[in-house]
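Q: Shown below is the structure under consideration.
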Amino acid sequence: MRRWALSTVLIAAACTGAHEPRGPKAAADRAPATRASTADATPASAPAPRSERSRELDLSQYFGDGYPPSALREPGTGIGSRGYGTWVQPAPRSGSLPLGSIRVGGSIPLVDSTPLPGNGKCPRFVKVERGFVCAGPRATLDMQSAWMSAGRWTEPAPGTMPYQYALSVGVPMLKRPVPPEKMRWKIGPRERPRMKGWEEGHDELAELDPIVPNGPIPDFLRDGGEAPRAWGGSTGVLLKMFPAGNMIAYTRAFEAFGETWVLSTDLSVIPARGLKRFRVSEFHGVALGSGVELPIAWMRKRARAKWRKGPAGFEESGQSWAVKTWVGLTGREESQGHRRFLETAEPGLFIEKSDATTVEAQTKLPREVRGRGKWIQVHVNRGTLTLYEGPKPVFSTLMSPGKTNPTPHGRYFIESKHHYSSMGSGRGAFWIADVPWTIYFERPFAIHTSYWHEDFGQRKSGGCINLSPLDAKRVFDWAAPELPPGWDTVQADGMGGGTFVLIES
């Protein structure tokens with residue numbers, strides 16, 4: 001059994017290393033794939049204009065006008081979390097390796113409300129589905145408390161994106177909305193130069209379009225009310241200043257005192273004019289099977305020319321495959337001088353081999369899967385990720401590996417899965433809130449969503465494996481261990497083990 005450990009190392013980019021302590025170290029939602037191959041394929045084309053594309057994915061249904069929070073649980077029916085580390089234990093005792101945890105501000109139902117004697121740091125436990133939770137100090141059985149009532153407003157959305165996300169341009173985080181005459185904190189300009197250095201790319205999907213209200217003001221903020229703090233707090237309205245370049249997750253956008261505010265997942269109230277909302281990437285990989293098989297070629301970095309073979313040899317057709325699309329390959333290769341061409345599944349069309357990022361089926365299975373288990377293959381230099389069920393490849397996509405720090409090569413098993421995991425520096429100078437669909441395979445390294453860029457296939461991260469929202473959720477749902485309903489995290493040890501991950505050059 002592995003020791004508990006939490007990394008505090010700083011990795012200065014997408015995978016920022018010093019993760020908020022949501023779990024100890026322990027061992028699909030998708031649209032039809034963008035494609036340019038197979039018999040029933042349509043030619044690849046450039047993305048539709050912004051006005052013609054879905055801006056919300058499944059958020060449009062979840063964050064509609066008047067979206068209500070869930071009802072409060074009745075007394076004696078649930079246990080809620082007041083801080084990080086509200087563990088679900090396999091037995092009613094402290095010190096054991098947890099099975100998972102509960103979201104801060106969230107709750108799960110009780111199987112039995114009768115307190116059970118504990119030991120060590122926890123004197124009493126209550127029984128929940130699959131385990132036991134310490135009934136204090138990080139947890140509460142008071143389902144009617146102000147803290148639990150407010151926490152309902154930060155529940156994650158179902159579907160691809162649990163929250164909406166935004167980039168700070170320098171903004172105060174408050175306990176409540178304030179009128180203009182009392183706004184004495186400076187808000188940074190939204191028109192800023194693109195980020196450079198190790199932060200480069202963190203603002204690629206951040207847009208200047210204003211954040212608009214998506215529902216009414218939360219009930220606990222009406223009539224001058226404040227967001228409760230789990231452990232009390234200062235008497236002032238300011239919680240802290242949120243520096244430019246940091247990222248927040250939020251659920252509600254509402255109007256008060258003539259301007260739009262957002263409610264972040266930590267119950268901070270933030271003026272929306274100090275934020276740039278992230279557009280949701282619509283990129284996704286391709287499901288294999290049903291006529292789509294490996295090998296395929298991905299187009300990285302830029303569009304790639306389509307070639308035809310004429311009487312005088314190979315010549316460009318005048319058409320191209322768009323960047324981040326794929327085309328099926330027949331496996332046949334031809335040469336012309338020093339140049340090599342791969343025959344594609346599009347009749348009569350070839351791609352120059354040097355232009356193609358190819359994904360072939362793995363013929364030798366890792367010993368760890370024993371010929372039948374699920375496993376994940378990552379090719380760092382190619383920027384590809386492929387899912388296998390035994391010898392059968394079932395999904396392929398582009399991913400972004402480490403740029404400022406290398407993605408570690410090796411053989412791993414998934415240690416833990418997190419519905420979302422916040423990432424930042426150990427001193428709190430940099431913060432990426434609630435990164436969805438995070439899978440740790442060797443802390444602090446993870447496979448996770450990137451909601452701030454979509455240069456998939458290119459080196460971009462601080463060592464982690466970046467996926468699009470659609471792809472990250474697909475991999476998360478597919479891989480073991482399964483995240484039980486209502487849990488924030490799940491540890492592989494004690495829950496049947498984690499899926500094997502092979503990371504190669």
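By order in the structure tokens, chains are A, B, ...; within a chain, residues start at 1; ligands start at 1, following the order shown.
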Could you produce a table of the residues of stretch 364-455 of chain A lying within 6 Å of stretch 242-266 of chain A, with the nearest pair of atoms per residue and their separation in Å rounded to one decimal, using only C-alpha atoms, ordered by chain and increasing residue number, as a tab-separated table?

A:
```
residue	atom	partner	partner_atom	distance
A:Phe430	CA	A:Asn246	CA	5.8
A:Trp431	CA	A:Asn246	CA	5.1
A:Ile432	CA	A:Met247	CA	4.8
A:Ala433	CA	A:Ile248	CA	5.0
```

Q: Contacts of A:Arg73 at 12 Å or less, counting only C-alpha atoms, minus same-chain residues fewer than 2 places along, as an MDAnalysis selection string?

A: chainID A and resid 69:71 75:80 106:110 141:145 148:149 151:152

Q: Restrict the selected residues to N, CA, C and O atoms and save them as an mmCIF file, in the first residue's frame.

A:
```
data_model
loop_
_atom_site.group_PDB
_atom_site.id
_atom_site.type_symbol
_atom_site.label_atom_id
_atom_site.label_comp_id
_atom_site.auth_asym_id
_atom_site.auth_seq_id
_atom_site.Cartn_x
_atom_site.Cartn_y
_atom_site.Cartn_z
ATOM 1 N N PRO A 69 -31.279 26.039 -7.076
ATOM 2 C CA PRO A 69 -30.407 25.096 -6.364
ATOM 3 C C PRO A 69 -31.221 23.896 -5.911
ATOM 4 O O PRO A 69 -32.451 23.934 -5.872
ATOM 5 N N SER A 70 -30.539 22.818 -5.578
ATOM 6 C CA SER A 70 -31.246 21.642 -5.083
ATOM 7 C C SER A 70 -31.825 21.939 -3.704
ATOM 8 O O SER A 70 -31.399 22.848 -2.999
ATOM 9 N N ALA A 71 -32.781 21.145 -3.309
ATOM 10 C CA ALA A 71 -33.418 21.329 -2.007
ATOM 11 C C ALA A 71 -32.458 20.934 -0.891
ATOM 12 O O ALA A 71 -31.594 20.065 -1.065
ATOM 13 N N PRO A 75 -33.054 17.089 8.098
ATOM 14 C CA PRO A 75 -32.179 16.749 9.221
ATOM 15 C C PRO A 75 -32.032 15.232 9.372
ATOM 16 O O PRO A 75 -33.007 14.481 9.227
ATOM 17 N N GLY A 76 -30.804 14.804 9.637
ATOM 18 C CA GLY A 76 -30.537 13.385 9.857
ATOM 19 C C GLY A 76 -30.429 12.566 8.591
ATOM 20 O O GLY A 76 -30.370 11.332 8.673
ATOM 21 N N THR A 77 -30.392 13.209 7.417
ATOM 22 C CA THR A 77 -30.365 12.443 6.162
ATOM 23 C C THR A 77 -29.057 12.575 5.400
ATOM 24 O O THR A 77 -28.858 11.875 4.407
ATOM 25 N N GLY A 78 -28.152 13.455 5.844
ATOM 26 C CA GLY A 78 -26.927 13.649 5.084
ATOM 27 C C GLY A 78 -25.802 14.173 5.938
ATOM 28 O O GLY A 78 -25.991 14.580 7.088
ATOM 29 N N ILE A 79 -24.600 14.170 5.363
ATOM 30 C CA ILE A 79 -23.436 14.761 5.992
ATOM 31 C C ILE A 79 -22.749 15.645 4.963
ATOM 32 O O ILE A 79 -22.597 15.268 3.797
ATOM 33 N N GLY A 80 -22.373 16.847 5.384
ATOM 34 C CA GLY A 80 -21.793 17.820 4.470
ATOM 35 C C GLY A 80 -20.359 18.148 4.831
ATOM 36 O O GLY A 80 -19.893 17.892 5.947
ATOM 37 N N GLY A 106 -20.575 20.564 -0.292
ATOM 38 C CA GLY A 106 -21.475 19.532 -0.783
ATOM 39 C C GLY A 106 -21.819 18.531 0.309
ATOM 40 O O GLY A 106 -21.278 18.572 1.415
ATOM 41 N N SER A 107 -22.710 17.612 -0.013
ATOM 42 C CA SER A 107 -23.119 16.601 0.960
ATOM 43 C C SER A 107 -23.462 15.314 0.237
ATOM 44 O O SER A 107 -23.731 15.308 -0.970
ATOM 45 N N ILE A 108 -23.463 14.227 0.979
ATOM 46 C CA ILE A 108 -23.907 12.939 0.459
ATOM 47 C C ILE A 108 -24.883 12.343 1.472
ATOM 48 O O ILE A 108 -24.834 12.672 2.664
ATOM 49 N N PRO A 109 -25.777 11.458 1.042
ATOM 50 C CA PRO A 109 -26.783 10.916 1.957
ATOM 51 C C PRO A 109 -26.193 9.938 2.960
ATOM 52 O O PRO A 109 -25.192 9.270 2.690
ATOM 53 N N LEU A 110 -26.839 9.870 4.108
ATOM 54 C CA LEU A 110 -26.476 8.891 5.123
ATOM 55 C C LEU A 110 -27.196 7.576 4.860
ATOM 56 O O LEU A 110 -28.353 7.559 4.444
ATOM 57 N N LEU A 141 -23.387 17.620 10.296
ATOM 58 C CA LEU A 141 -24.651 16.900 10.142
ATOM 59 C C LEU A 141 -25.833 17.863 10.097
ATOM 60 O O LEU A 141 -26.976 17.428 9.908
ATOM 61 N N ASP A 142 -25.551 19.155 10.238
ATOM 62 C CA ASP A 142 -26.607 20.170 10.211
ATOM 63 C C ASP A 142 -26.896 20.553 8.766
ATOM 64 O O ASP A 142 -26.292 21.477 8.214
ATOM 65 N N MET A 143 -27.817 19.849 8.159
ATOM 66 C CA MET A 143 -28.135 20.077 6.758
ATOM 67 C C MET A 143 -28.904 21.371 6.521
ATOM 68 O O MET A 143 -29.068 21.801 5.382
ATOM 69 N N GLN A 144 -29.370 22.006 7.584
ATOM 70 C CA GLN A 144 -30.131 23.249 7.459
ATOM 71 C C GLN A 144 -29.277 24.478 7.766
ATOM 72 O O GLN A 144 -29.798 25.590 7.802
ATOM 73 N N SER A 145 -27.996 24.307 7.977
ATOM 74 C CA SER A 145 -27.135 25.423 8.352
ATOM 75 C C SER A 145 -26.968 26.399 7.194
ATOM 76 O O SER A 145 -27.206 26.073 6.027
ATOM 77 N N MET A 148 -24.449 25.018 4.559
ATOM 78 C CA MET A 148 -24.970 24.024 3.628
ATOM 79 C C MET A 148 -26.011 24.641 2.695
ATOM 80 O O MET A 148 -26.112 24.263 1.529
ATOM 81 N N SER A 149 -26.783 25.599 3.189
ATOM 82 C CA SER A 149 -27.759 26.261 2.338
ATOM 83 C C SER A 149 -27.079 27.010 1.205
ATOM 84 O O SER A 149 -27.508 26.955 0.052
ATOM 85 N N GLY A 151 -24.000 26.400 0.078
ATOM 86 C CA GLY A 151 -23.245 25.471 -0.748
ATOM 87 C C GLY A 151 -24.037 24.874 -1.893
ATOM 88 O O GLY A 151 -23.458 24.448 -2.907
ATOM 89 N N ARG A 152 -25.371 24.861 -1.759
ATOM 90 C CA ARG A 152 -26.205 24.337 -2.855
ATOM 91 C C ARG A 152 -26.026 25.160 -4.130
ATOM 92 O O ARG A 152 -26.240 24.665 -5.233
#
```

Q: Please identify all polymer residues within 8 Å of A:Asp112, counting only C-alpha atoms, omitting same-chain residues fewer than 4 positions from it, and present them as JSON, numbers by chain.

A: {"A": [126, 127, 128]}

Q: Please save C-alpha atoms of the selected residues as an mmCIF file, in the first residue's frame.

A:
```
data_model
loop_
_atom_site.group_PDB
_atom_site.id
_atom_site.type_symbol
_atom_site.label_atom_id
_atom_site.label_comp_id
_atom_site.auth_asym_id
_atom_site.auth_seq_id
_atom_site.Cartn_x
_atom_site.Cartn_y
_atom_site.Cartn_z
ATOM 1 C CA VAL A 126 -21.607 7.953 10.399
ATOM 2 C CA LYS A 127 -22.264 5.395 7.679
ATOM 3 C CA VAL A 128 -22.622 6.429 4.023
#
```

Q: Among stretch 271-343 of chain A, which ones does DSSP assign to strand (DSSP E) (computed from the backbone)? Answer as a PyMOL selection string.

A: chain A and resi 271+275-277+286-287+296-298+304-310+313-321+326-336+339-343

Q: Taking N, CA and C atoms for each residue, export the selection above as a CSV table (one decimal), in the first residue's frame.

A:
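Final file, selection.csv:
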```csv
chain,number,residue,atom,x,y,z
A,271,PRO,N,-17.0,41.0,-8.9
A,271,PRO,CA,-17.5,41.9,-10.0
A,271,PRO,C,-17.1,41.3,-11.4
A,275,LEU,N,-13.2,40.2,-14.8
A,275,LEU,CA,-13.0,38.8,-15.3
A,275,LEU,C,-13.2,38.8,-16.8
A,276,LYS,N,-12.4,37.8,-17.4
A,276,LYS,CA,-12.6,37.5,-18.9
A,276,LYS,C,-13.0,36.0,-18.9
A,277,ARG,N,-14.2,35.8,-19.4
A,277,ARG,CA,-14.7,34.4,-19.4
A,277,ARG,C,-14.0,33.6,-20.5
A,286,VAL,N,-11.5,10.9,-31.7
A,286,VAL,CA,-12.4,10.1,-32.5
A,286,VAL,C,-12.5,8.7,-31.9
A,287,ALA,N,-13.8,8.2,-31.8
A,287,ALA,CA,-14.1,6.9,-31.3
A,287,ALA,C,-13.7,5.9,-32.4
A,296,ILE,N,-4.4,6.0,-38.3
A,296,ILE,CA,-4.9,7.3,-38.7
A,296,ILE,C,-3.8,8.3,-38.6
A,297,ALA,N,-4.0,9.4,-39.3
A,297,ALA,CA,-3.0,10.5,-39.2
A,297,ALA,C,-3.7,11.8,-38.7
A,298,TRP,N,-3.1,12.4,-37.7
A,298,TRP,CA,-3.6,13.7,-37.2
A,298,TRP,C,-2.8,14.9,-37.8
A,304,ARG,N,-2.7,20.6,-43.5
A,304,ARG,CA,-1.7,19.8,-44.3
A,304,ARG,C,-2.3,19.5,-45.7
A,305,ALA,N,-1.4,19.6,-46.7
A,305,ALA,CA,-1.8,19.5,-48.1
A,305,ALA,C,-2.3,18.1,-48.4
A,306,LYS,N,-3.3,18.0,-49.3
A,306,LYS,CA,-3.8,16.8,-49.9
A,306,LYS,C,-3.1,16.6,-51.2
A,307,TRP,N,-2.6,15.4,-51.5
A,307,TRP,CA,-1.8,15.1,-52.7
A,307,TRP,C,-2.5,14.1,-53.5
A,308,ARG,N,-2.4,14.2,-54.8
A,308,ARG,CA,-2.9,13.2,-55.8
A,308,ARG,C,-1.7,12.6,-56.6
A,309,LYS,N,-1.9,11.4,-57.1
A,309,LYS,CA,-0.8,10.8,-57.9
A,309,LYS,C,-1.3,10.9,-59.4
A,310,GLY,N,-0.5,11.7,-60.1
A,310,GLY,CA,-0.8,11.9,-61.5
A,310,GLY,C,0.2,11.2,-62.4
A,313,GLY,N,3.7,12.0,-61.5
A,313,GLY,CA,4.0,11.7,-60.1
A,313,GLY,C,3.1,12.4,-59.1
A,314,PHE,N,3.5,12.6,-57.9
A,314,PHE,CA,2.6,13.2,-56.9
A,314,PHE,C,2.6,14.7,-57.1
A,315,GLU,N,1.4,15.3,-56.9
A,315,GLU,CA,1.2,16.7,-57.1
A,315,GLU,C,0.1,17.2,-56.1
A,316,GLU,N,0.2,18.4,-55.6
A,316,GLU,CA,-0.8,18.9,-54.6
A,316,GLU,C,-2.1,19.1,-55.3
A,317,SER,N,-3.2,18.8,-54.6
A,317,SER,CA,-4.5,18.9,-55.2
A,317,SER,C,-5.1,20.3,-55.0
A,318,GLY,N,-4.5,21.1,-54.2
A,318,GLY,CA,-5.1,22.5,-54.0
A,318,GLY,C,-6.0,22.5,-52.8
A,319,GLN,N,-6.2,21.3,-52.2
A,319,GLN,CA,-7.0,21.2,-51.0
A,319,GLN,C,-6.1,20.8,-49.8
A,320,SER,N,-6.7,20.9,-48.6
A,320,SER,CA,-5.9,20.5,-47.4
A,320,SER,C,-6.8,20.0,-46.3
A,321,TRP,N,-6.2,19.3,-45.4
A,321,TRP,CA,-6.9,18.9,-44.2
A,321,TRP,C,-6.7,19.9,-43.1
A,326,TRP,N,-8.3,14.6,-38.5
A,326,TRP,CA,-7.6,13.4,-38.8
A,326,TRP,C,-8.1,12.8,-40.1
A,327,VAL,N,-7.3,11.8,-40.6
A,327,VAL,CA,-7.7,11.1,-41.8
A,327,VAL,C,-7.3,9.6,-41.6
A,328,GLY,N,-8.1,8.7,-42.1
A,328,GLY,CA,-7.8,7.3,-42.0
A,328,GLY,C,-6.7,7.0,-43.0
A,329,LEU,N,-5.9,6.0,-42.7
A,329,LEU,CA,-4.8,5.5,-43.6
A,329,LEU,C,-5.0,4.1,-44.0
A,330,THR,N,-4.6,3.8,-45.2
A,330,THR,CA,-4.8,2.4,-45.7
A,330,THR,C,-3.6,1.5,-45.2
A,331,GLY,N,-2.5,2.1,-44.9
A,331,GLY,CA,-1.3,1.4,-44.5
A,331,GLY,C,-0.4,1.3,-45.7
A,332,ARG,N,-0.8,1.8,-46.9
A,332,ARG,CA,0.1,1.7,-48.1
A,332,ARG,C,0.9,3.0,-48.1
A,333,GLU,N,2.2,2.8,-48.5
A,333,GLU,CA,3.1,3.9,-48.6
A,333,GLU,C,3.8,3.9,-49.9
A,334,GLU,N,4.0,5.1,-50.5
A,334,GLU,CA,4.8,5.2,-51.8
A,334,GLU,C,5.8,6.3,-51.6
A,335,SER,N,6.8,6.3,-52.5
A,335,SER,CA,7.9,7.3,-52.4
A,335,SER,C,8.1,7.9,-53.8
A,336,GLN,N,8.6,9.1,-53.7
A,336,GLN,CA,8.9,9.9,-54.9
A,336,GLN,C,10.2,10.6,-54.6
A,339,ARG,N,11.0,11.9,-50.9
A,339,ARG,CA,9.7,12.1,-50.3
A,339,ARG,C,8.9,10.9,-50.2
A,340,ARG,N,8.2,10.7,-49.1
A,340,ARG,CA,7.3,9.6,-48.9
A,340,ARG,C,5.9,10.0,-48.7
A,341,PHE,N,4.9,9.2,-49.2
A,341,PHE,CA,3.5,9.6,-49.2
A,341,PHE,C,2.7,8.4,-48.6
A,342,LEU,N,1.7,8.7,-47.8
A,342,LEU,CA,0.8,7.7,-47.2
A,342,LEU,C,-0.5,7.8,-47.9
A,343,GLU,N,-1.0,6.7,-48.3
A,343,GLU,CA,-2.4,6.6,-48.9
A,343,GLU,C,-3.4,6.8,-47.8
```

Q: Identify, on the basis of only C-alpha atoms, every residue whose closest approach to A:Leu116 does not exceed 12 Å; exclude the query and any residue fewer than 5 positions from it along the same chain; express the result as a list in words.

A: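 Once the nearby chain positions are removed, what remains is Ala91, Pro92, Arg93, Cys122, Pro123, Arg124, Phe125, Val126, Lys127, Val128, Phe132, Val133, Cys134 and Ala135 of chain A.
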
Q: Record the distance separating atom CA of A:Gly85 and atom CA of A:Thr407, expressed in Å with one decimal.

A: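 Straight-line distance from atom CA of A:Gly85 to atom CA of A:Thr407 works out to 27.8 Å.
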
Q: I'd like to know which of A:Lys403, A:Arg273, A:Arg229, A:Arg176 is closest to A:Val212, using only C-alpha atoms.

A: A:Arg273

Q: Where in stretch 291-474 of chain A does DSSP assign alpha helix (DSSP H), given as a ChimeraX atom specification?

A: /A:469-474

Q: Do a neighbour search on A:Ile102 at 10 Å with only C-alpha atoms, toss out local chain neighbours closer than 5 positions, and write the hits as a VMD selection string.

A: chain A and resid 22 79 to 88 107 to 108 133 139 486 to 490

Q: Determine, counting only C-alpha atoms, which protein, DNA and RNA residues have an atom within 10 Å of an atom of stretch 358-362 of chain A; residues of the same chain fewer than 4 positions away are not included. Present the result as a VMD selection string.

A: chain A and resid 293 to 299 326 to 329 331 353 to 354 366 377 379 382 384 to 386 388 391 to 393 396 to 397

Q: Give me a file of those residues, with N, CA, C and O atoms, as an mmCIF file, in the first residue's frame.

A:
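The resulting file, again33.cif, is reproduced below:
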```
data_model
loop_
_atom_site.group_PDB
_atom_site.id
_atom_site.type_symbol
_atom_site.label_atom_id
_atom_site.label_comp_id
_atom_site.auth_asym_id
_atom_site.auth_seq_id
_atom_site.Cartn_x
_atom_site.Cartn_y
_atom_site.Cartn_z
ATOM 1 N N GLU A 293 -10.820 2.672 -37.979
ATOM 2 C CA GLU A 293 -9.790 1.870 -37.340
ATOM 3 C C GLU A 293 -8.435 2.537 -37.497
ATOM 4 O O GLU A 293 -8.234 3.390 -38.366
ATOM 5 N N LEU A 294 -7.491 2.153 -36.658
ATOM 6 C CA LEU A 294 -6.114 2.579 -36.829
ATOM 7 C C LEU A 294 -5.496 1.788 -37.976
ATOM 8 O O LEU A 294 -5.896 0.661 -38.230
ATOM 9 N N PRO A 295 -4.557 2.423 -38.720
ATOM 10 C CA PRO A 295 -3.873 3.679 -38.435
ATOM 11 C C PRO A 295 -4.659 4.896 -38.939
ATOM 12 O O PRO A 295 -5.431 4.798 -39.895
ATOM 13 N N ILE A 296 -4.410 6.015 -38.266
ATOM 14 C CA ILE A 296 -4.929 7.301 -38.701
ATOM 15 C C ILE A 296 -3.797 8.311 -38.639
ATOM 16 O O ILE A 296 -2.749 8.057 -38.033
ATOM 17 N N ALA A 297 -4.007 9.450 -39.265
ATOM 18 C CA ALA A 297 -3.036 10.546 -39.206
ATOM 19 C C ALA A 297 -3.728 11.795 -38.681
ATOM 20 O O ALA A 297 -4.805 12.161 -39.157
ATOM 21 N N TRP A 298 -3.106 12.426 -37.687
ATOM 22 C CA TRP A 298 -3.591 13.703 -37.166
ATOM 23 C C TRP A 298 -2.817 14.853 -37.809
ATOM 24 O O TRP A 298 -1.634 14.712 -38.131
ATOM 25 N N MET A 299 -3.484 15.997 -37.966
ATOM 26 C CA MET A 299 -2.850 17.204 -38.490
ATOM 27 C C MET A 299 -2.490 18.109 -37.315
ATOM 28 O O MET A 299 -3.377 18.687 -36.687
ATOM 29 N N TRP A 326 -8.325 14.634 -38.544
ATOM 30 C CA TRP A 326 -7.635 13.376 -38.777
ATOM 31 C C TRP A 326 -8.126 12.767 -40.068
ATOM 32 O O TRP A 326 -9.182 13.126 -40.601
ATOM 33 N N VAL A 327 -7.346 11.826 -40.574
ATOM 34 C CA VAL A 327 -7.731 11.097 -41.775
ATOM 35 C C VAL A 327 -7.298 9.647 -41.608
ATOM 36 O O VAL A 327 -6.249 9.365 -41.024
ATOM 37 N N GLY A 328 -8.134 8.725 -42.084
ATOM 38 C CA GLY A 328 -7.788 7.320 -42.031
ATOM 39 C C GLY A 328 -6.694 6.982 -43.030
ATOM 40 O O GLY A 328 -6.578 7.611 -44.084
ATOM 41 N N LEU A 329 -5.870 6.006 -42.691
ATOM 42 C CA LEU A 329 -4.794 5.545 -43.566
ATOM 43 C C LEU A 329 -5.027 4.098 -43.969
ATOM 44 O O LEU A 329 -5.564 3.314 -43.185
ATOM 45 N N GLY A 331 -2.506 2.111 -44.852
ATOM 46 C CA GLY A 331 -1.308 1.352 -44.536
ATOM 47 C C GLY A 331 -0.359 1.253 -45.705
ATOM 48 O O GLY A 331 0.758 0.742 -45.567
ATOM 49 N N LYS A 353 4.316 11.979 -45.690
ATOM 50 C CA LYS A 353 4.572 11.311 -44.417
ATOM 51 C C LYS A 353 5.086 12.274 -43.356
ATOM 52 O O LYS A 353 4.724 12.175 -42.171
ATOM 53 N N SER A 354 5.914 13.233 -43.761
ATOM 54 C CA SER A 354 6.455 14.188 -42.794
ATOM 55 C C SER A 354 5.392 15.139 -42.259
ATOM 56 O O SER A 354 5.602 15.796 -41.232
ATOM 57 N N PRO A 366 1.079 -4.265 -23.062
ATOM 58 C CA PRO A 366 1.832 -4.156 -21.803
ATOM 59 C C PRO A 366 1.542 -5.348 -20.898
ATOM 60 O O PRO A 366 0.407 -5.823 -20.826
ATOM 61 N N GLN A 377 -2.456 4.698 -23.665
ATOM 62 C CA GLN A 377 -1.141 4.887 -24.285
ATOM 63 C C GLN A 377 -0.971 6.356 -24.646
ATOM 64 O O GLN A 377 -1.816 6.956 -25.319
ATOM 65 N N HIS A 379 1.789 9.067 -26.356
ATOM 66 C CA HIS A 379 3.028 9.334 -27.081
ATOM 67 C C HIS A 379 3.336 10.822 -26.928
ATOM 68 O O HIS A 379 2.670 11.676 -27.532
ATOM 69 N N ARG A 382 4.604 12.804 -30.152
ATOM 70 C CA ARG A 382 3.545 12.909 -31.162
ATOM 71 C C ARG A 382 2.365 13.746 -30.666
ATOM 72 O O ARG A 382 1.555 14.214 -31.473
ATOM 73 N N THR A 384 -0.181 12.528 -28.808
ATOM 74 C CA THR A 384 -1.388 11.716 -28.969
ATOM 75 C C THR A 384 -1.656 10.883 -27.729
ATOM 76 O O THR A 384 -0.740 10.532 -26.977
ATOM 77 N N LEU A 385 -2.920 10.558 -27.540
ATOM 78 C CA LEU A 385 -3.384 9.677 -26.470
ATOM 79 C C LEU A 385 -4.389 8.710 -27.061
ATOM 80 O O LEU A 385 -5.295 9.126 -27.800
ATOM 81 N N THR A 386 -4.234 7.422 -26.739
ATOM 82 C CA THR A 386 -5.121 6.388 -27.273
ATOM 83 C C THR A 386 -5.596 5.489 -26.136
ATOM 84 O O THR A 386 -4.806 5.125 -25.259
ATOM 85 N N TYR A 388 -7.213 1.861 -24.949
ATOM 86 C CA TYR A 388 -7.283 0.462 -25.383
ATOM 87 C C TYR A 388 -8.121 -0.349 -24.393
ATOM 88 O O TYR A 388 -8.070 -0.115 -23.179
ATOM 89 N N PRO A 391 -6.332 -5.648 -26.510
ATOM 90 C CA PRO A 391 -5.627 -5.333 -27.755
ATOM 91 C C PRO A 391 -6.380 -4.356 -28.659
ATOM 92 O O PRO A 391 -5.849 -3.930 -29.680
ATOM 93 N N LYS A 392 -7.584 -3.987 -28.276
ATOM 94 C CA LYS A 392 -8.441 -3.202 -29.163
ATOM 95 C C LYS A 392 -8.368 -1.714 -28.841
ATOM 96 O O LYS A 392 -8.759 -1.287 -27.751
ATOM 97 N N PRO A 393 -7.899 -0.879 -29.789
ATOM 98 C CA PRO A 393 -7.955 0.568 -29.573
ATOM 99 C C PRO A 393 -9.381 1.070 -29.744
ATOM 100 O O PRO A 393 -10.080 0.690 -30.689
ATOM 101 N N SER A 396 -8.945 7.725 -29.935
ATOM 102 C CA SER A 396 -7.677 8.405 -30.150
ATOM 103 C C SER A 396 -7.907 9.906 -30.190
ATOM 104 O O SER A 396 -8.929 10.370 -30.721
ATOM 105 N N THR A 397 -6.941 10.661 -29.648
ATOM 106 C CA THR A 397 -7.075 12.116 -29.672
ATOM 107 C C THR A 397 -5.706 12.770 -29.582
ATOM 108 O O THR A 397 -4.679 12.116 -29.384
#
```

Q: I'd like the contact shell of A:His409 - 8 Å cut-off, only C-alpha atoms, skipping same-chain residues fewer than 2 positions apart - returned as a ChimeraX atom specification.

A: /A:407,411,502-505

Q: Given only C-alpha atoms as the basis, pick out the residue of A:Pro162, A:Leu239, A:His453, A:Asn381 nearest to A:Trp437.

A: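 For A:Trp437, the nearest of the candidates is A:Pro162.
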
Q: Smallest atom-to-atom distance to A:Met195: which of A:Leu167, A:Trp375, A:Trp231, A:Lys473, using only C-alpha atoms?

A: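 Answer, going by the shortest atom-to-atom distance: A:Leu167.
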
Q: Using only C-alpha atoms, which residue out of A:Ile465, A:Val280, A:Leu483, A:Val323 lies closest to A:Ala206?

A: A:Val280

Q: I'd like to know which of A:Gly131, A:Pro444, A:Pro210, A:Pro156 is closest to A:Leu97, using only C-alpha atoms.

A: A:Gly131
